[in-house]
Each structure stands twice: as C-alpha cells, then as structure tokens.
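Step one of this worksheet: look at the structure below.
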Amino acid sequence: MSVSSLDSRVFRNLFGTQEIRDIFTDEAYVHRLIETEAALARAESTVGVIPSDAGSVITEALKNVEIDFDRLSAETDIVGYPVLPLVRQLVEQTPPGHAKYIHWGATTQDIMDDASILQIREGLKVVRRELETLKGVLAKLAEKYRDTPMAGRTHLQHALPCTFGYKCAVYLSSILRHLQRLSEIEARTLMVQFGGAAGTLASLGTHDGPRVRAELARELSLLDPPITWHVARDNIAEILNFLALVGGTLGKIAYDLIIMSSNELGEVSEPFVPHRGASSTMPQKRNPISSEVILAASKLLRANAGLGLDAMVVDFERASGPWHLEWVAIPEAFVLSVGSLHQANFALGGLVVNSGAMRDNLHSTRGLIVGEAVMMGLAPYVGRQKAHDVVYEACRTAIEQDRSLIDVLEKDEELMGSLDGKKVKELCNPLNYLGASQIMVDRVLEDIRR
C-alpha cells in the first residue's frame, strides 16, 4: 500500500514516470548495493588485499543471489541500516572459503553511498534526455512564434509588447543553462565513496586503502576523489538543488501557462485530450492539469533541496542522523523532476497557441501599453521627466474617460506641438515597439545550432 502520491496507484503517473520510479525501487537499490559489494571484492582482489580469485568467485555468486526482502526489512528495522542484514544473506549464498571477504574493510555508509550514487547517475541520464527533449520543443516554439506579438506583463498588468517566441526563448535559455549545469555536475559530483569506519581506510593499511578506492572507482565508472566525502555532502546537496532549479524553471513556465489559459486571456491551452482537465460538475472546464502538477512539484522540489542542505550539517566523522534525510529527498526529487519534465514536454509539445487572442489582448488597452514608447519619443524635445508627466496624464485621462491613448494625445497641444501626427501614430502602434525581442530569439537559437 502506498502512502505517497509519488508511488500511489491513483496519482503516481501525474507526478512521475515508471522509468524513473524503477531506478529508485527497493529492488533496484538492493541490486546497486550488491553491485557495489561485488565491485569492491574485485577491486580488492586486483590490488591484492584479498585472494586473487575471491573477486571473481564472489561476483559470480552474487549474480544469482535470491534476497528475502521480508527478512531484510525485519533485520533492517533492528539494525537501522540494510547493509549488515544484506551482507548476511550474501554470505550465506557464497562459497564458504570466499564469503568471508565480502564487505572487506568497508563500512555501511560506503556501500549505501555508492549504491545511491549509481542510482543518481542513472537518474541524471533520464533528466538529461527529458531536458534535451524540452530544449527541442521550446526551440520550435521560439522559432515559430518569433514574430507573434503579445502583451508583456509585469505585476499582472500590461507592461510593453513582446512576442510569444521571445517568451519561449527566455524559457529555453534556462533549459540550456540547466544542461550546462548538468554536465558540470556529472563531472564533479559522481564520486566513489570508500573510507571504512571513520573514513581513514585504516583497516587496509597506509597504502592499500587508496589503491582499492581507485580500483573501485574504475569498476563502478565513478570519479576517484582524493579523500573520503561521507561527511562532506555538498555533492548530494548540489544535485538536489540542481533538480530544484530545474523545477523552478518548469514552475515559472507552468505558472505562465495557467494564467494565459484563463478565459479572460485565452492565449494558450494545453493539448486537448478527451476528458483531460474535465470537471465533475462543469462540462465547459478544460483545466491546465499538467501545469498545475508541475507547479505543485516545483514547490516539493524546493523542499527536498532544503533537506539536502540540512543533511550537509553533520557531526564529526559519521553523521548521527542528518544523512537519513537524503534517503527521502533523493528518490522523491528525481521522481518529481522527471515527472515535471515529462508533463512539460507534453503540455508544450502540443500547446495550442491562440495568436488572435494575443493580438486582441495586446490592443485591448487601446494604446496604453506603448506609453513608454510615446514618452521616449517625446523626451528628446521636452526632457524625460516632462515627457513622463505629459504621457502619465494622457494615460490617466484615457483610462478615466475610456478613450484610446492616441485620441487623448492628439488633443494635447503641447505634445502635438513637438511631434507630428504621423509620428504619434507610429509611436502608438504596439507592433513598432517590440524592441530586440526577435533579435534575442535569434541569438538563443544560434546558441543551440552552434
């Protein structure tokens, strides 16, 4: 039975995908623990810490072990950690002459950290693939709607004109930075952990310990750090905060889509799927379900990032509890981030863009959205502050008397004495005040092509 929406039979596919859940199941985690124990045996055989044939014998035996998960659960409840109970079962199923070399010189956290890093590595591969897909989706939207004008908004009010392609290119720029961050993270954080009881590798002697760690890193295709990191958890915190950053970007996109989907704006809607977003009582409803899920997930990702930061503050050479926070935060963060990316790719990949509504909304304030354009056009003649005051009064009059801005301006003798009628009309056309929107779209797309 589930107690979380992330693995609930009812809700799980809203918040995650089966692929990412499979990477973090109990079975997958135990498999990674066993994989690490086998790799450690091979590394120690190679270095000569245990008999030269022990590594291959142990590896072969561990390929076919059958784990009693009920027993593992019961014994973990007593011990507090799963490694010792697991090792007992591994030893029972390995030839007696070699079984004693399983877990040689290691400690519980070594094996658990390495298993977790192996899961993280696989999880990051899925994150990368989903980010690459989203990059392509947003690039197509940015290119297609490069010149589609719409109202730019600040504080939920019309600010200045922009294009929908510009908005999509802004989203895309974040995704490109996330992909860059991911490459840096993979090159910096995916380190092997092997330190023994207090991290000093004392049980293997002065020189053999570091050699075993290096060989274990090679066996697991992980980085070999110069020193143990089991109480320096910045790498895990960085990964969790990276996933939260991705969630933050997706949350911003989702928030925009939710508001733009409102009846009052009607500028976009998520792809139509029969009954998706339907209401049990209101047949007309077509709620932005993917965006709503993404927005919720982005908040949960930030919470898990905080747990990762808390887990960094550990005592001495073995944490007395903060480490346990990661057991919750890591799987949840990966499920939520991949689930959010999956929802974003669905929503944006089939996004319905109502360019007509964007155009109508742009013109709905009857020229007020280009107040800055008029001010900047008048400023060279009367000074910026004076121009601001003149246009401010014109905008106030237009609002209070429900008139168009150009109608008010054309009645302003002071302004018309400085600008001719043709110039005023040009300044009041929102399509003439898109700034560098399209140029910046082109630059982002050029970055992708390079």
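Within each chain, counting starts at residue 1; across the structure tokens, chains are named A, B, ... in the order shown, with ligands numbered 1 upward in that order.
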
Tell me, counting only C-alpha atoms, for each residue of segment 54-131 of chain A within 7 Å of segment 19-32 of chain A, which pair of atoms is nearest and how far apart they are in Å to one decimal, in rows ordered by chain and increasing number, as a tab-separated table.
residue	atom	partner	partner_atom	distance
A:Ala115	CA	A:Arg32	CA	4.7
A:Leu118	CA	A:Arg32	CA	6.9
A:Gln119	CA	A:Ile23	CA	6.3
A:Gly123	CA	A:Ile20	CA	6.6

Deliver the residues from the most recent selection as a file, using C-alpha atoms, as a compact mmCIF listing (two decimals), in the first residue's frame.
# COMPACT_ATOMS: atom_id res chain seq x y z
CA ALA A 115 24.58 2.47 -4.38
CA LEU A 118 24.84 4.72 -9.02
CA GLN A 119 21.11 5.41 -8.84
CA GLY A 123 18.51 9.24 -12.79

- Task: Based on DSSP run over this structure's backbone, return all residues of segment 205-439 of chain A in strand (DSSP E), as a VMD selection string.
- Result: chain A and resid 268 to 269 352 to 353

Could the residues of segment 49-151 of chain A that have an atom at most 10 Å from segment 239-245 of chain A be listed as JSON lines, each with its closest atom pair and the distance in Å to one decimal, counting only C-alpha atoms and ordered by chain and ascending residue number?
{"residue": "A:Ile120", "atom": "CA", "partner": "A:Ile239", "partner_atom": "CA", "distance": 8.6}
{"residue": "A:Leu124", "atom": "CA", "partner": "A:Ile239", "partner_atom": "CA", "distance": 9.1}
{"residue": "A:Val127", "atom": "CA", "partner": "A:Leu243", "partner_atom": "CA", "distance": 8.8}

- Message: I need the residues of segment 37-282 of chain A that end up classed as helix (DSSP H, G or I) by DSSP on the backbone, written out as a PyMOL selection string.
- Response: chain A and resi 37-47+54-63+69-79+83-92+96-99+108-144+164-189+202-220+234-260

Taking a cut-off of 8 Å and counting only C-alpha atoms, can you build a table that, for each residue of segment 152-260 of chain A near segment 338-354 of chain A, reports the nearest atom pair and how far apart they are in Å (one decimal), sorted by chain then residue number, as JSON lines?
{"residue": "A:Gly247", "atom": "CA", "partner": "A:Ser340", "partner_atom": "CA", "distance": 7.2}
{"residue": "A:Leu250", "atom": "CA", "partner": "A:Ala344", "partner_atom": "CA", "distance": 7.1}
{"residue": "A:Ala254", "atom": "CA", "partner": "A:Ala344", "partner_atom": "CA", "distance": 7.9}

- Item | Minimum-distance residue to Ile253 of chain A, chosen among A:Ala387, A:Ala197, A:Ala169, A:Ile330 (using only C-alpha atoms) |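 Of all the options, A:Ala169 lies closest to Ile253 of chain A.
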
- Message: I want to know what sits within 12 Å of Pro288 of chain A, based on only C-alpha atoms, with residues of the same chain fewer than 6 positions away left out; could you give that as a VMD selection string?
- Response: chain A and resid 254 to 263 266 268 to 273 275 to 279 294 to 295 343 to 344 346 to 348 351 to 352

- In Å, with one decimal, what is the gap from atom CA of Asn304 of chain A to atom CA of Thr249 of chain A? 15.9 Å

- Task: Can you work out which one of A:Ser298, A:Thr148, A:Thr200, A:Ser116 has the shortest atom-to-atom distance to Gly165 of chain A, counting only C-alpha atoms?
- Result: A:Thr148

- Counting only C-alpha atoms, what is within 7 Å of Ser437 of chain A, bar same-chain residues fewer than 4 positions away, as a list in words?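 Counting only C-alpha atoms, the residues come to Cys162, Thr163, Tyr166 and Val441 of chain A.
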
Pull N, CA, C and O atoms from the residues just selected and write them as a PDB file, in the first residue's frame.
ATOM      1  N   CYS A 162       5.783  42.344 -26.506  1.00  0.00           N
ATOM      2  CA  CYS A 162       6.882  41.417 -26.807  1.00  0.00           C
ATOM      3  C   CYS A 162       6.322  40.414 -27.800  1.00  0.00           C
ATOM      4  O   CYS A 162       5.269  40.645 -28.395  1.00  0.00           O
ATOM      5  N   THR A 163       7.012  39.311 -28.023  1.00  0.00           N
ATOM      6  CA  THR A 163       6.453  38.256 -28.872  1.00  0.00           C
ATOM      7  C   THR A 163       6.390  36.969 -28.052  1.00  0.00           C
ATOM      8  O   THR A 163       7.129  36.784 -27.090  1.00  0.00           O
ATOM      9  N   TYR A 166       9.591  35.230 -28.059  1.00  0.00           N
ATOM     10  CA  TYR A 166      10.522  35.780 -27.075  1.00  0.00           C
ATOM     11  C   TYR A 166      10.327  35.112 -25.718  1.00  0.00           C
ATOM     12  O   TYR A 166      11.294  34.720 -25.059  1.00  0.00           O
ATOM     13  N   VAL A 441      15.662  36.254 -29.678  1.00  0.00           N
ATOM     14  CA  VAL A 441      15.234  34.901 -30.042  1.00  0.00           C
ATOM     15  C   VAL A 441      16.251  34.272 -30.977  1.00  0.00           C
ATOM     16  O   VAL A 441      16.675  33.123 -30.795  1.00  0.00           O
TER      17      VAL A 441
END

- Message: Under the rule that only C-alpha atoms are counted, which of A:Val246, A:Ile58, A:Leu434, A:Val391 is the nearest residue to Leu301 of chain A?
- Response: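 Closest candidate: A:Val246.
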
- Message: To one decimal place in Å, what is the distance between atom CA of Ala296 of chain A and atom CA of Arg9 of chain A?
- Response: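 So the answer is 18.6 Å.
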
- Task: Please provide as a list in words all residues within 12 Å of Ile448 of chain A, with the sequence filter that same-chain residues fewer than 6 positions apart are discarded (counting only C-alpha atoms).
- Result: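 Using only C-alpha atoms, the neighbours found are Glu132, Lys135, Gly136, Leu138, Ala139, Lys140, Ala142, Glu143, Ala169, Leu172, Ser173, Ile175, Leu176, Arg177, Leu179, Val441 and Asp442 of chain A.
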
- Task: Work out how far atom CA of Ala232 of chain A is from atom CA of Met312 of chain A, in Å to one decimal.
- Result: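 Separating atom CA of Met312 of chain A from atom CA of Ala232 of chain A is a distance of 6.6 Å.
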
Could you name the residues that touch Met191 of chain A at 6 Å or less, counting only C-alpha atoms, but leaving out those on the same chain fewer than 4 positions away, as a PDB file with N, CA, C and O atoms, in the first residue's frame?
ATOM      1  N   LEU A 222      33.083   5.529 -11.656  1.00  0.00           N
ATOM      2  CA  LEU A 222      32.859   6.740 -10.897  1.00  0.00           C
ATOM      3  C   LEU A 222      34.172   7.489 -10.727  1.00  0.00           C
ATOM      4  O   LEU A 222      35.255   6.939 -10.984  1.00  0.00           O
ATOM      5  N   LEU A 223      34.093   8.737 -10.290  1.00  0.00           N
ATOM      6  CA  LEU A 223      35.295   9.526 -10.031  1.00  0.00           C
ATOM      7  C   LEU A 223      35.976   9.037  -8.761  1.00  0.00           C
ATOM      8  O   LEU A 223      35.305   8.638  -7.809  1.00  0.00           O
ATOM      9  N   ASP A 224      37.293   9.096  -8.758  1.00  0.00           N
ATOM     10  CA  ASP A 224      38.057   8.732  -7.562  1.00  0.00           C
ATOM     11  C   ASP A 224      38.491  10.012  -6.857  1.00  0.00           C
ATOM     12  O   ASP A 224      39.390  10.713  -7.329  1.00  0.00           O
TER      13      ASP A 224
END

- Query: So which residues touch Val65 of chain A within 9 Å, counting only C-alpha atoms, skipping near sequence neighbours fewer than 6 positions away, as a VMD selection string?
  - Reply: chain A and resid 89 to 90 93 to 94

- Which is closer to Glu122 of chain A than all the others in A:Val47, A:Leu190, A:Ala159, A:Leu325, using only C-alpha atoms? A:Leu190

- Counting only C-alpha atoms, the residue of A:Arg403, A:His324, A:Arg384, A:His103 that sits nearest Thr365 of chain A: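 Smallest distance to Thr365 of chain A is found for A:Arg403.
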
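Proximity to Leu160 of chain A was assessed for A:Cys395, A:Ala61, A:Ile369, A:Val390 counting only C-alpha atoms; the smallest distance is recorded for A:Ile369.
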